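Here is the file data_25.cif (mmCIF, C-alpha atoms and all ligand atoms).
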```
data_run
#
loop_
_atom_site.label_atom_id
_atom_site.label_comp_id
_atom_site.auth_asym_id
_atom_site.auth_seq_id
_atom_site.Cartn_x
_atom_site.Cartn_y
_atom_site.Cartn_z
CA MET A 27 -56.06 -36.33 -14.07
CA LYS A 28 -58.94 -35.84 -16.42
CA VAL A 29 -61.64 -33.19 -16.63
CA ASN A 30 -64.00 -33.75 -19.54
CA GLY A 31 -61.35 -36.03 -21.00
CA HIS A 32 -58.60 -33.35 -20.84
CA HIS A 33 -55.60 -33.61 -18.56
CA TYR A 34 -55.37 -31.02 -15.78
CA ARG A 35 -53.27 -30.34 -12.74
CA THR A 36 -54.74 -28.39 -9.82
CA ILE A 37 -52.26 -25.49 -10.10
CA TRP A 38 -50.10 -24.09 -12.89
CA LEU A 39 -48.50 -20.91 -14.15
CA LYS A 40 -50.46 -19.12 -16.85
CA GLU A 41 -49.05 -19.58 -20.33
CA ASN A 42 -47.12 -16.48 -21.46
CA ASP A 43 -47.72 -14.83 -18.06
CA PRO A 44 -45.41 -16.37 -15.45
CA GLN A 45 -46.60 -13.93 -12.77
CA THR A 46 -50.11 -15.37 -12.72
CA VAL A 47 -50.89 -18.59 -10.86
CA CYS A 48 -53.95 -20.52 -12.09
CA VAL A 49 -55.89 -22.89 -9.83
CA ILE A 50 -59.04 -24.94 -10.13
CA ASP A 51 -61.45 -23.07 -7.83
CA GLN A 52 -62.86 -25.93 -5.78
CA ARG A 53 -65.69 -23.88 -4.26
CA TYR A 54 -67.64 -24.34 -7.47
CA LEU A 55 -67.26 -28.11 -7.87
CA PRO A 56 -69.02 -30.36 -8.71
CA HIS A 57 -71.47 -28.03 -10.43
CA GLU A 58 -69.10 -25.73 -12.30
CA PHE A 59 -65.49 -25.98 -13.45
CA VAL A 60 -63.91 -22.59 -12.75
CA VAL A 61 -60.25 -21.60 -13.04
CA ALA A 62 -59.16 -18.72 -10.77
CA GLU A 63 -56.15 -16.50 -11.44
CA LEU A 64 -54.00 -15.43 -8.47
CA LYS A 65 -51.65 -12.50 -8.99
CA THR A 66 -50.38 -11.61 -5.51
CA SER A 67 -49.19 -13.44 -2.41
CA SER A 68 -52.23 -12.11 -0.51
CA GLU A 69 -54.55 -13.58 -3.12
CA VAL A 70 -52.82 -16.93 -2.70
CA ALA A 71 -53.20 -16.65 1.09
CA LYS A 72 -56.89 -15.80 0.74
CA SER A 73 -57.48 -18.69 -1.66
CA ILE A 74 -56.03 -21.04 0.98
CA LYS A 75 -57.99 -19.54 3.88
CA ASP A 76 -61.31 -19.49 2.01
CA MET A 77 -60.79 -22.96 0.52
CA TRP A 78 -60.75 -22.10 -3.17
CA ILE A 79 -57.94 -24.61 -2.92
CA ARG A 80 -57.53 -27.10 -0.11
CA GLY A 81 -55.95 -30.41 0.77
CA ALA A 82 -52.55 -30.78 2.41
CA GLY A 83 -50.40 -31.19 -0.71
CA LEU A 84 -52.08 -28.51 -2.79
CA ILE A 85 -51.95 -25.85 -0.12
CA GLY A 86 -48.24 -26.63 0.30
CA VAL A 87 -47.51 -26.14 -3.39
CA ALA A 88 -49.76 -23.07 -3.55
CA ALA A 89 -47.80 -21.65 -0.62
CA GLY A 90 -44.66 -22.23 -2.68
CA TYR A 91 -46.11 -20.18 -5.55
CA GLY A 92 -47.35 -17.58 -3.06
CA MET A 93 -43.77 -17.16 -1.85
CA TYR A 94 -42.63 -16.72 -5.45
CA LEU A 95 -45.21 -13.95 -5.97
CA GLY A 96 -44.14 -12.55 -2.59
CA GLY A 97 -40.57 -12.43 -3.92
CA ILE A 98 -41.70 -10.37 -6.91
CA GLU A 99 -43.52 -8.02 -4.51
CA ALA A 100 -40.46 -7.85 -2.22
CA ALA A 101 -38.32 -6.71 -5.16
CA ALA A 102 -40.35 -3.51 -5.27
CA THR A 103 -39.54 -2.72 -1.62
CA THR A 104 -36.28 -1.59 -0.03
CA HIS A 105 -36.05 -4.63 2.28
CA PHE A 106 -36.40 -7.80 0.22
CA ASP A 107 -35.65 -10.32 2.97
CA ALA A 108 -37.81 -8.65 5.63
CA HIS A 109 -40.75 -8.39 3.21
CA LEU A 110 -40.43 -12.03 2.16
CA LEU A 111 -40.35 -13.10 5.81
CA LYS A 112 -43.59 -11.19 6.42
CA VAL A 113 -45.19 -12.91 3.43
CA SER A 114 -44.04 -16.29 4.72
CA GLN A 115 -45.63 -15.65 8.13
CA HIS A 116 -48.86 -14.48 6.55
CA ILE A 117 -49.16 -17.54 4.31
CA LYS A 118 -48.30 -19.97 7.11
CA ALA A 119 -51.01 -18.48 9.34
CA GLN A 120 -53.86 -19.30 6.97
CA ARG A 121 -54.48 -22.91 8.04
CA PRO A 122 -52.94 -24.51 11.12
CA THR A 123 -53.33 -28.29 10.82
CA ALA A 124 -51.85 -29.31 7.46
CA VAL A 125 -48.11 -29.27 8.02
CA ASN A 126 -47.28 -29.18 4.29
CA LEU A 127 -48.11 -25.47 4.32
CA ALA A 128 -45.34 -24.52 6.75
CA TRP A 129 -43.02 -27.15 5.28
CA ALA A 130 -43.28 -25.67 1.78
CA VAL A 131 -42.85 -22.08 2.99
CA ASP A 132 -39.74 -23.07 4.96
CA LYS A 133 -38.33 -24.89 1.92
CA GLN A 134 -38.73 -21.69 -0.09
CA LEU A 135 -36.95 -19.66 2.60
CA GLU A 136 -34.10 -22.21 2.48
CA PHE A 137 -33.84 -21.96 -1.32
CA VAL A 138 -33.46 -18.17 -1.13
CA LYS A 139 -30.68 -18.35 1.48
CA GLY A 140 -27.25 -17.81 0.00
CA LYS A 141 -28.56 -16.13 -3.17
CA SER A 142 -27.10 -12.67 -3.43
CA THR A 143 -29.02 -10.73 -6.08
CA ILE A 144 -32.76 -10.12 -6.14
CA ASP A 145 -33.02 -11.73 -9.58
CA GLU A 146 -31.35 -14.86 -8.24
CA LYS A 147 -33.71 -14.94 -5.27
CA ILE A 148 -36.81 -14.65 -7.44
CA GLN A 149 -35.48 -17.31 -9.78
CA ALA A 150 -34.83 -19.60 -6.78
CA LEU A 151 -38.42 -19.07 -5.58
CA LEU A 152 -39.81 -19.86 -9.03
CA GLU A 153 -37.72 -23.01 -9.34
CA GLY A 154 -38.58 -23.91 -5.74
CA ALA A 155 -42.32 -23.70 -6.47
CA LYS A 156 -41.93 -25.88 -9.56
CA TRP A 157 -39.82 -28.35 -7.58
CA LEU A 158 -42.54 -28.57 -4.92
CA ALA A 159 -45.16 -29.25 -7.59
CA GLU A 160 -43.13 -31.89 -9.43
CA GLY A 161 -42.16 -33.56 -6.14
CA ASP A 162 -45.82 -33.73 -5.16
CA VAL A 163 -46.73 -35.47 -8.43
CA GLU A 164 -43.81 -37.89 -8.14
CA PHE A 165 -44.68 -38.81 -4.54
CA SER A 166 -48.35 -39.35 -5.41
CA LYS A 167 -47.38 -41.68 -8.26
CA LYS A 168 -45.13 -43.73 -5.99
CA ILE A 169 -47.90 -43.92 -3.38
CA GLY A 170 -50.14 -45.20 -6.18
CA GLU A 171 -47.65 -47.95 -7.06
CA HIS A 172 -47.21 -49.11 -3.46
CA GLY A 173 -50.91 -48.95 -2.64
CA LEU A 174 -51.76 -50.85 -5.82
CA LEU A 175 -49.97 -53.92 -4.43
CA ILE A 176 -52.34 -53.95 -1.44
CA ILE A 177 -55.43 -53.68 -3.63
CA GLU A 178 -54.07 -56.40 -5.95
CA GLU A 179 -53.58 -58.72 -3.01
CA ILE A 180 -57.17 -58.21 -1.82
CA SER A 181 -58.46 -58.70 -5.35
CA ARG A 182 -56.52 -61.99 -5.63
CA ARG A 183 -57.94 -63.13 -2.31
CA LYS A 184 -61.44 -62.29 -3.54
CA LYS A 185 -60.74 -64.15 -6.80
CA GLY A 186 -61.24 -61.05 -8.90
CA GLU A 187 -64.46 -59.94 -7.21
CA THR A 188 -64.84 -56.18 -6.75
CA VAL A 189 -62.62 -54.63 -4.05
CA ASN A 190 -64.71 -52.20 -1.99
CA ILE A 191 -62.72 -49.29 -0.62
CA LEU A 192 -64.00 -46.66 1.78
CA THR A 193 -62.49 -43.18 1.79
CA HIS A 194 -63.18 -40.05 3.79
CA CYS A 195 -63.06 -36.42 2.65
CA ASN A 196 -60.90 -35.73 -0.40
CA ALA A 197 -57.33 -36.93 -0.51
CA GLY A 198 -57.67 -37.16 -4.25
CA TRP A 199 -55.84 -35.31 -7.00
CA LEU A 200 -57.76 -32.15 -6.10
CA ALA A 201 -56.01 -32.19 -2.70
CA PHE A 202 -52.62 -32.51 -4.43
CA ILE A 203 -51.33 -31.69 -7.90
CA ASP A 204 -52.13 -34.91 -9.71
CA TRP A 205 -53.18 -38.50 -8.75
CA GLY A 206 -53.77 -37.71 -5.06
CA THR A 207 -52.70 -39.95 -2.17
CA ALA A 208 -55.69 -42.00 -0.98
CA THR A 209 -57.00 -42.13 -4.55
CA ALA A 210 -53.72 -42.88 -6.35
CA PRO A 211 -53.79 -46.65 -5.58
CA ILE A 212 -57.44 -46.68 -6.66
CA TYR A 213 -56.68 -44.94 -9.99
CA PHE A 214 -53.75 -47.30 -10.60
CA ALA A 215 -55.90 -50.36 -9.83
CA HIS A 216 -58.73 -49.14 -12.04
CA ALA A 217 -56.30 -48.48 -14.91
CA LYS A 218 -54.96 -52.01 -14.51
CA GLY A 219 -58.41 -53.50 -14.90
CA ILE A 220 -58.85 -54.53 -11.26
CA LYS A 221 -62.49 -54.25 -10.23
CA VAL A 222 -62.79 -51.54 -7.60
CA HIS A 223 -65.71 -49.69 -6.07
CA VAL A 224 -65.35 -46.73 -3.72
CA TRP A 225 -67.62 -45.83 -0.81
CA VAL A 226 -67.33 -42.04 -0.64
CA ASP A 227 -68.10 -40.48 2.76
CA GLU A 228 -69.92 -37.24 2.06
CA THR A 229 -67.79 -35.56 4.78
CA ARG A 230 -69.88 -32.95 6.49
CA PRO A 231 -69.79 -30.06 7.01
CA ARG A 232 -68.10 -28.97 3.76
CA ASN A 233 -68.89 -32.17 1.87
CA GLN A 234 -65.50 -32.62 0.23
CA GLY A 235 -66.37 -36.29 -0.35
CA ALA A 236 -69.74 -35.68 -1.99
CA ASN A 237 -68.56 -32.64 -3.94
CA LEU A 238 -64.94 -33.37 -4.81
CA THR A 239 -64.05 -37.05 -4.45
CA ALA A 240 -67.25 -38.10 -6.21
CA TRP A 241 -66.55 -35.58 -8.99
CA GLU A 242 -63.00 -36.84 -9.52
CA LEU A 243 -63.99 -40.49 -9.54
CA ASN A 244 -66.79 -39.71 -11.93
CA GLU A 245 -64.44 -37.92 -14.35
CA GLU A 246 -62.11 -40.93 -14.26
CA GLY A 247 -64.94 -43.46 -14.62
CA VAL A 248 -64.26 -45.21 -11.30
CA PRO A 249 -67.39 -46.90 -9.86
CA HIS A 250 -68.36 -45.25 -6.58
CA THR A 251 -71.25 -44.59 -4.22
CA VAL A 252 -71.64 -41.52 -2.01
CA ILE A 253 -72.73 -42.36 1.52
CA PRO A 254 -73.78 -40.25 4.50
CA ASP A 255 -70.95 -40.09 7.02
CA ASN A 256 -72.69 -42.40 9.47
CA VAL A 257 -73.05 -45.38 7.12
CA GLY A 258 -69.48 -46.75 7.19
CA GLY A 259 -69.84 -48.73 10.43
CA HIS A 260 -72.91 -50.54 9.12
CA LEU A 261 -71.18 -51.40 5.85
CA MET A 262 -68.16 -52.75 7.71
CA GLN A 263 -70.34 -54.95 9.96
CA HIS A 264 -71.80 -56.50 6.82
CA GLN A 265 -68.45 -57.19 5.07
CA MET A 266 -69.17 -54.55 2.45
CA VAL A 267 -65.81 -52.79 2.93
CA ASP A 268 -62.53 -54.58 2.11
CA MET A 269 -60.26 -51.74 3.12
CA CYS A 270 -60.23 -48.05 4.04
CA ILE A 271 -57.74 -45.60 2.59
CA VAL A 272 -57.65 -42.02 3.82
CA GLY A 273 -55.24 -39.11 3.56
CA THR A 274 -53.72 -37.03 6.32
CA ASP A 275 -52.88 -33.43 7.04
CA ARG A 276 -50.20 -34.15 9.65
CA THR A 277 -48.73 -37.38 10.95
CA THR A 278 -46.46 -37.66 13.98
CA ARG A 279 -43.28 -39.70 14.19
CA SER A 280 -45.24 -42.11 16.39
CA GLY A 281 -47.76 -42.69 13.58
CA ASP A 282 -50.74 -40.72 14.92
CA VAL A 283 -52.71 -39.25 12.04
CA ALA A 284 -54.63 -35.99 11.86
CA ASN A 285 -57.19 -36.04 9.08
CA LYS A 286 -60.58 -34.56 8.26
CA ILE A 287 -63.02 -34.69 11.17
CA GLY A 288 -64.75 -38.07 11.34
CA THR A 289 -61.74 -40.12 10.29
CA TYR A 290 -61.22 -41.36 13.85
CA LEU A 291 -64.74 -42.80 14.00
CA LYS A 292 -64.14 -44.71 10.75
CA ALA A 293 -60.88 -46.08 12.11
CA LEU A 294 -62.66 -47.28 15.26
CA ALA A 295 -65.31 -49.04 13.21
CA ALA A 296 -62.65 -50.56 10.94
CA TYR A 297 -60.68 -51.82 13.96
CA ASP A 298 -63.79 -53.37 15.50
CA ASN A 299 -64.59 -55.18 12.27
CA ASN A 300 -61.07 -56.24 11.21
CA VAL A 301 -61.15 -54.02 8.14
CA PRO A 302 -57.62 -52.86 7.16
CA PHE A 303 -57.28 -49.12 7.64
CA TYR A 304 -54.53 -47.48 5.58
CA VAL A 305 -53.34 -43.89 5.52
CA ALA A 306 -51.63 -42.61 2.36
CA LEU A 307 -49.17 -39.74 2.67
CA PRO A 308 -46.11 -38.14 1.16
CA SER A 309 -43.17 -37.66 3.53
CA SER A 310 -43.87 -33.90 3.51
CA THR A 311 -46.91 -34.62 5.72
CA PHE A 312 -44.84 -36.07 8.56
CA ASP A 313 -44.20 -33.76 11.47
CA MET A 314 -41.26 -35.60 12.98
CA SER A 315 -41.06 -33.11 15.86
CA LEU A 316 -44.28 -34.52 17.38
CA THR A 317 -44.75 -37.73 19.35
CA ASP A 318 -48.38 -37.52 20.48
CA GLY A 319 -51.00 -36.52 17.90
CA VAL A 320 -53.95 -35.97 20.23
CA ALA A 321 -51.97 -33.77 22.60
CA GLN A 322 -49.79 -31.92 20.11
CA ILE A 323 -51.41 -31.48 16.69
CA PRO A 324 -53.20 -28.11 16.40
CA ILE A 325 -56.79 -28.63 15.27
CA GLU A 326 -58.31 -25.97 13.05
CA GLU A 327 -61.69 -24.60 14.10
CA ARG A 328 -63.68 -23.11 11.26
CA ASP A 329 -66.73 -20.89 11.07
CA ALA A 330 -69.94 -22.36 12.52
CA GLU A 331 -71.71 -21.14 9.37
CA GLU A 332 -70.23 -24.11 7.52
CA VAL A 333 -72.25 -26.41 9.79
CA LYS A 334 -75.47 -24.41 9.74
CA TYR A 335 -75.67 -23.91 5.98
CA VAL A 336 -75.21 -26.23 3.02
CA TYR A 337 -74.76 -25.47 -0.67
CA GLY A 338 -76.65 -27.35 -3.37
CA LYS A 339 -77.97 -26.98 -6.88
CA LEU A 340 -81.59 -26.05 -7.34
CA ASN A 341 -83.17 -25.22 -10.70
CA HIS A 342 -79.75 -24.86 -12.37
CA LYS A 343 -78.53 -22.47 -9.67
CA VAL A 344 -76.25 -23.10 -6.70
CA GLU A 345 -78.06 -22.02 -3.53
CA LYS A 346 -77.01 -21.76 0.12
CA VAL A 347 -79.62 -23.00 2.57
CA LEU A 348 -79.96 -22.95 6.35
CA ILE A 349 -80.46 -26.42 7.89
CA THR A 350 -80.57 -25.59 11.63
CA PRO A 351 -82.63 -23.16 13.66
CA LEU A 352 -81.01 -19.79 12.99
CA ALA A 353 -80.41 -19.24 16.71
CA SER A 354 -78.70 -22.59 17.38
CA ASN A 355 -75.02 -22.69 18.17
CA ALA A 356 -72.81 -24.90 16.05
CA CYS A 357 -69.17 -25.87 16.33
CA ASN A 358 -66.81 -26.82 13.57
CA TYR A 359 -63.60 -28.70 14.38
CA GLY A 360 -61.95 -29.37 11.04
CA PHE A 361 -59.84 -32.40 11.94
CA ASP A 362 -59.45 -35.22 14.43
CA VAL A 363 -56.58 -37.50 15.34
CA THR A 364 -56.58 -41.24 14.74
CA PRO A 365 -54.18 -42.96 17.14
CA SER A 366 -51.54 -45.16 15.52
CA ARG A 367 -52.88 -48.35 17.15
CA LEU A 368 -55.95 -48.20 14.88
CA ILE A 369 -53.90 -47.91 11.66
CA THR A 370 -52.88 -50.96 9.61
CA GLY A 371 -50.19 -49.18 7.62
CA LEU A 372 -48.89 -45.93 6.15
CA ILE A 373 -48.58 -45.91 2.36
CA THR A 374 -45.73 -43.53 1.54
CA GLU A 375 -43.62 -42.76 -1.52
CA ARG A 376 -40.92 -45.07 -0.16
CA GLY A 377 -43.23 -48.00 0.56
CA VAL A 378 -45.67 -49.18 3.20
CA CYS A 379 -44.63 -49.03 6.84
CA LYS A 380 -46.30 -49.62 10.19
CA ALA A 381 -47.71 -46.62 12.02
CA CYS A 382 -45.10 -46.66 14.77
CA GLU A 383 -41.87 -44.79 15.42
CA GLU A 384 -39.62 -47.80 14.86
CA SER A 385 -41.01 -48.51 11.41
CA ILE A 386 -41.25 -44.83 10.38
CA ARG A 387 -37.66 -44.27 11.53
CA LYS A 388 -36.48 -47.26 9.50
CA MET A 389 -38.13 -45.94 6.34
CA PHE A 390 -37.22 -42.27 6.88
CA PRO A 391 -33.92 -42.24 8.82
CA ASP A 392 -32.99 -38.98 7.10
CA LEU A 393 -36.10 -37.18 8.42
CA ILE A 394 -35.77 -38.06 12.13
CA LYS A 395 -32.76 -36.24 13.43
CA ASP A 396 -32.55 -37.36 17.09
O1 LIG A 401 -60.02 -29.06 5.02
P1 LIG A 401 -59.44 -29.70 3.82
O2 LIG A 401 -60.40 -30.00 2.75
O3 LIG A 401 -58.20 -28.99 3.32
O4 LIG A 401 -58.96 -31.07 4.43
C1 LIG A 401 -58.01 -31.84 3.86
C2 LIG A 401 -58.60 -33.09 3.45
O5 LIG A 401 -59.24 -33.12 2.45
C3 LIG A 401 -58.45 -34.30 4.18
O6 LIG A 401 -58.27 -34.24 5.51
C4 LIG A 401 -57.50 -35.20 3.44
O7 LIG A 401 -57.80 -36.48 3.71
C5 LIG A 401 -56.07 -34.89 3.72
S1 LIG A 401 -55.42 -33.76 2.63
C6 LIG A 401 -54.50 -34.76 1.67
#
```
Using the file provided, produce a representation of the structure as structure tokens.
Ligand code: MRU
Amino acid sequence: MKVNGHHYRTIWLKENDPQTVCVIDQRYLPHEFVVAELKTSSEVAKSIKDMWIRGAGLIGVAAGYGMYLGGIEAAATTHFDAHLLKVSQHIKAQRPTAVNLAWAVDKQLEFVKGKSTIDEKIQALLEGAKWLAEGDVEFSKKIGEHGLLIIEEISRRKKGETVNILTHCNAGWLAFIDWGTATAPIYFAHAKGIKVHVWVDETRPRNQGANLTAWELNEEGVPHTVIPDNVGGHLMQHQMVDMCIVGTDRTTRSGDVANKIGTYLKALAAYDNNVPFYVALPSSTFDMSLTDGVAQIPIEERDAEEVKYVYGKLNHKVEKVLITPLASNACNYGFDVTPSRLITGLITERGVCKACEESIRKMFPDLIKD
């Protein structure tokens, strides 16, 4: 997608230096556009943990590149396979909820299996990382095409009036490699000349909506309005939202969806007001081993500091300010689970299906083994 009119992806290998991974450092957005260079698997792990990069798809692909750098490091040791396994465990441990992270690491371990020389293994890891990135872009595009049909239908019903879409957090291209998932249908619709407007939940505590989704939409010229997290219910009661589209970090085979904290409350409000609530995801975000999201999906707890302090720009400088009494406790659950019964449909790269095991199984028979 575009930054200042130039096309970017969120992660790439440095030109003429294939051992350096470049990423857009999201900690600085929307105020500064900074590209960080990652040269070791530990740096990749740190960039995931500390949210230089974030979002389910992007951390999966970054993990893939981290494994490739880990392979280069392993070549300098006497036990390649044991070292790579250690790297894989370290990377996987950085964030627990988004299943793409473990999925991508496991894919890389599979690609290395059966390769006999170290050169072949490193080559397999490099090609594996590129395959993960290209697959991510391809899936996002397909999600865009399928989601576009839903927006077109609403636009037809409204006789060309603006379609108002509410989204939470950032499941945009910054959370993936290009296009995004929740945003892909919106970008496709906008490019086709369909009138769309996006309500962007600010998404406390880290404000991925206000900082990242708003920035992306702005760069692409998509009309949008940032709203405090508590506004969505009011807008829905007054017919100011035609549909919600959100992303997900892990979805069970029964269609329960873990996504950024606060998603559940939006789904409840949407259900109560008959607003269609869609979740956009690539198949890599399914965890087909799980049947009950609330009981089984691990929920990341982050530092309470993220709740107590906010970042903002003041006099041309980004400042961190305390917004609670210093002594107050705060808690910071990163995700919640929206039960399948509140979800209108899952927009995947293979099409739109219901959020239930029967429908998911029909669309992804190859991914559910039993
Ligand atoms: O904590 P983050 O920023 O990595 O959370 C991920 C998200 O932005 C959202 O939950 C998103 O909707 C799913 S990621 C595609």
(request) Tell me, as an MDAnalysis selection string, which residues lie within 6 Å of stretch 191-200 of chain A, counting only C-alpha atoms; anything in the same chain fewer than 4 positions away does not count. (result) chainID A and resid 204:209 224:227 229 234:235 239 267:273
(request) Compare A:Glu187, A:Asp362, A:Asp132, A:Asp396 by their minimum atom-to-atom distance to A:Val87, counting only C-alpha atoms, and give me the closest one. (result)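 When distances to A:Val87 are compared using only C-alpha atoms, the smallest one comes from A:Asp132.
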(request) Extract, using all atoms listed in the file, all DNA, RNA and protein residues at most 8 Å from A:Tyr94, discarding same-chain residues fewer than 4 positions from it, and format them as a list in words. (result) Ser67, Gly90, Ile98, Ile148, Leu151, Leu152 and Ala155 of chain A
(request) Quick one: everything within 10 Å of A:Glu63, counting only C-alpha atoms, minus sequence neighbours fewer than 6 positions away in the same chain. Send it as a VMD selection string. (result) chain A and resid 37 to 40 45 to 51 69 to 70
Could the residues in this selection be written to a file with C-alpha atoms, as an mmCIF file, in the coordinates of the input?
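As a result, selection_10.cif now contains:
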```cif
data_model
loop_
_atom_site.group_PDB
_atom_site.id
_atom_site.type_symbol
_atom_site.label_atom_id
_atom_site.label_comp_id
_atom_site.auth_asym_id
_atom_site.auth_seq_id
_atom_site.Cartn_x
_atom_site.Cartn_y
_atom_site.Cartn_z
ATOM 1 C CA ILE A 37 -52.260 -25.490 -10.100
ATOM 2 C CA TRP A 38 -50.100 -24.090 -12.890
ATOM 3 C CA LEU A 39 -48.500 -20.910 -14.150
ATOM 4 C CA LYS A 40 -50.460 -19.120 -16.850
ATOM 5 C CA GLN A 45 -46.600 -13.930 -12.770
ATOM 6 C CA THR A 46 -50.110 -15.370 -12.720
ATOM 7 C CA VAL A 47 -50.890 -18.590 -10.860
ATOM 8 C CA CYS A 48 -53.950 -20.520 -12.090
ATOM 9 C CA VAL A 49 -55.890 -22.890 -9.830
ATOM 10 C CA ILE A 50 -59.040 -24.940 -10.130
ATOM 11 C CA ASP A 51 -61.450 -23.070 -7.830
ATOM 12 C CA GLU A 69 -54.550 -13.580 -3.120
ATOM 13 C CA VAL A 70 -52.820 -16.930 -2.700
#
```
(message) For A:Arg121, find every residue with an atom within 10 Å (counting all atoms listed in the file), except residues of its own chain fewer than 3 positions away, and show them as a count of residues only.
(response) 19
(message) With distances taken over all atoms listed in the file, which residue among A:Lys168, A:Arg232, A:His116, A:Lys65 lies nearest ligand LIG 401 (chain A)?
(response)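 Under the stated criterion, the closest residue is A:Arg232.
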(request) Anything within 9 Å of (-57.8, -42.6, 16.2): list those residues as a list in words, counting only C-alpha atoms and sticking to the file's coordinates. (result)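 Those within range, by chain then number, are Asp282, Val283, Ala284, Thr289, Tyr290, Leu291, Lys292, Ala293, Leu294, Val320, Asp362, Val363, Thr364, Pro365, Ser366, Arg367, Leu368 and Ile369 of chain A.
Distance check against ligand LIG 401 (chain A) using all atoms listed in the file: of A:Arg230, A:Lys112, A:Lys380, A:Lys139, the minimum falls on A:Arg230.
Nearest residue to A:Gly371, choosing from A:Ile176, A:Lys343, A:Lys395, A:Ala210 and counting all atoms listed in the file: A:Ile176.
Comparing the minimum interatomic distances between A:Glu146 and each of A:Leu64, A:Ala101, A:Leu111, A:Val29, counting only C-alpha atoms, we find that A:Ala101 sits nearest.
Atom CA of A:Pro302 lies 22.5 Å from atom CA of A:Ala217.
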(message) Would you pick out the contacts of A:Leu393 at 9 Å or less, using only C-alpha atoms, so that residues sharing its chain but fewer than 4 positions from it are not included, and give the list as a list in words?
(response)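 My reading of the contact set: Ser309, Phe312, Met314 and Arg387 of chain A.
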How about saving the chosen residues, C-alpha atoms kept, as a short mmCIF file (atom, residue, chain, number, x, y, z; two decimals), in the coordinates of the input?
```
data_model
loop_
_atom_site.label_atom_id
_atom_site.label_comp_id
_atom_site.auth_asym_id
_atom_site.auth_seq_id
_atom_site.Cartn_x
_atom_site.Cartn_y
_atom_site.Cartn_z
CA SER A 309 -43.17 -37.66 3.53
CA PHE A 312 -44.84 -36.07 8.56
CA MET A 314 -41.26 -35.60 12.98
CA ARG A 387 -37.66 -44.27 11.53
#
```
(message) Could you tell me how far atom CA of A:Thr274 sits from atom CA of A:Asn190, in Å to one decimal place?
(response) 20.5 Å
(request) Could you check how far atom CA of A:Ile169 sits from atom CA of A:Ala215, in Å to one decimal? (result)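 Atom-to-atom, atom CA of A:Ile169 and atom CA of A:Ala215 are spaced 12.1 Å apart.
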(message) My list of candidates is A:Gly97, A:Gly83, A:Gly219, A:Pro351. Which is closest to ligand LIG 401 (chain A) when distances are computed with all atoms listed in the file?
(response)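 Closest candidate: A:Gly83.
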Box dimensions and centre (Å, one decimal) enclosing stretch 364-367 of chain A, axis-aligned, 6 Å extra per side, as AutoDock Vina command-line options:
```
--center_x -54.1 --center_y -44.8 --center_z 15.9 --size_x 17.0 --size_y 19.1 --size_z 14.4
```
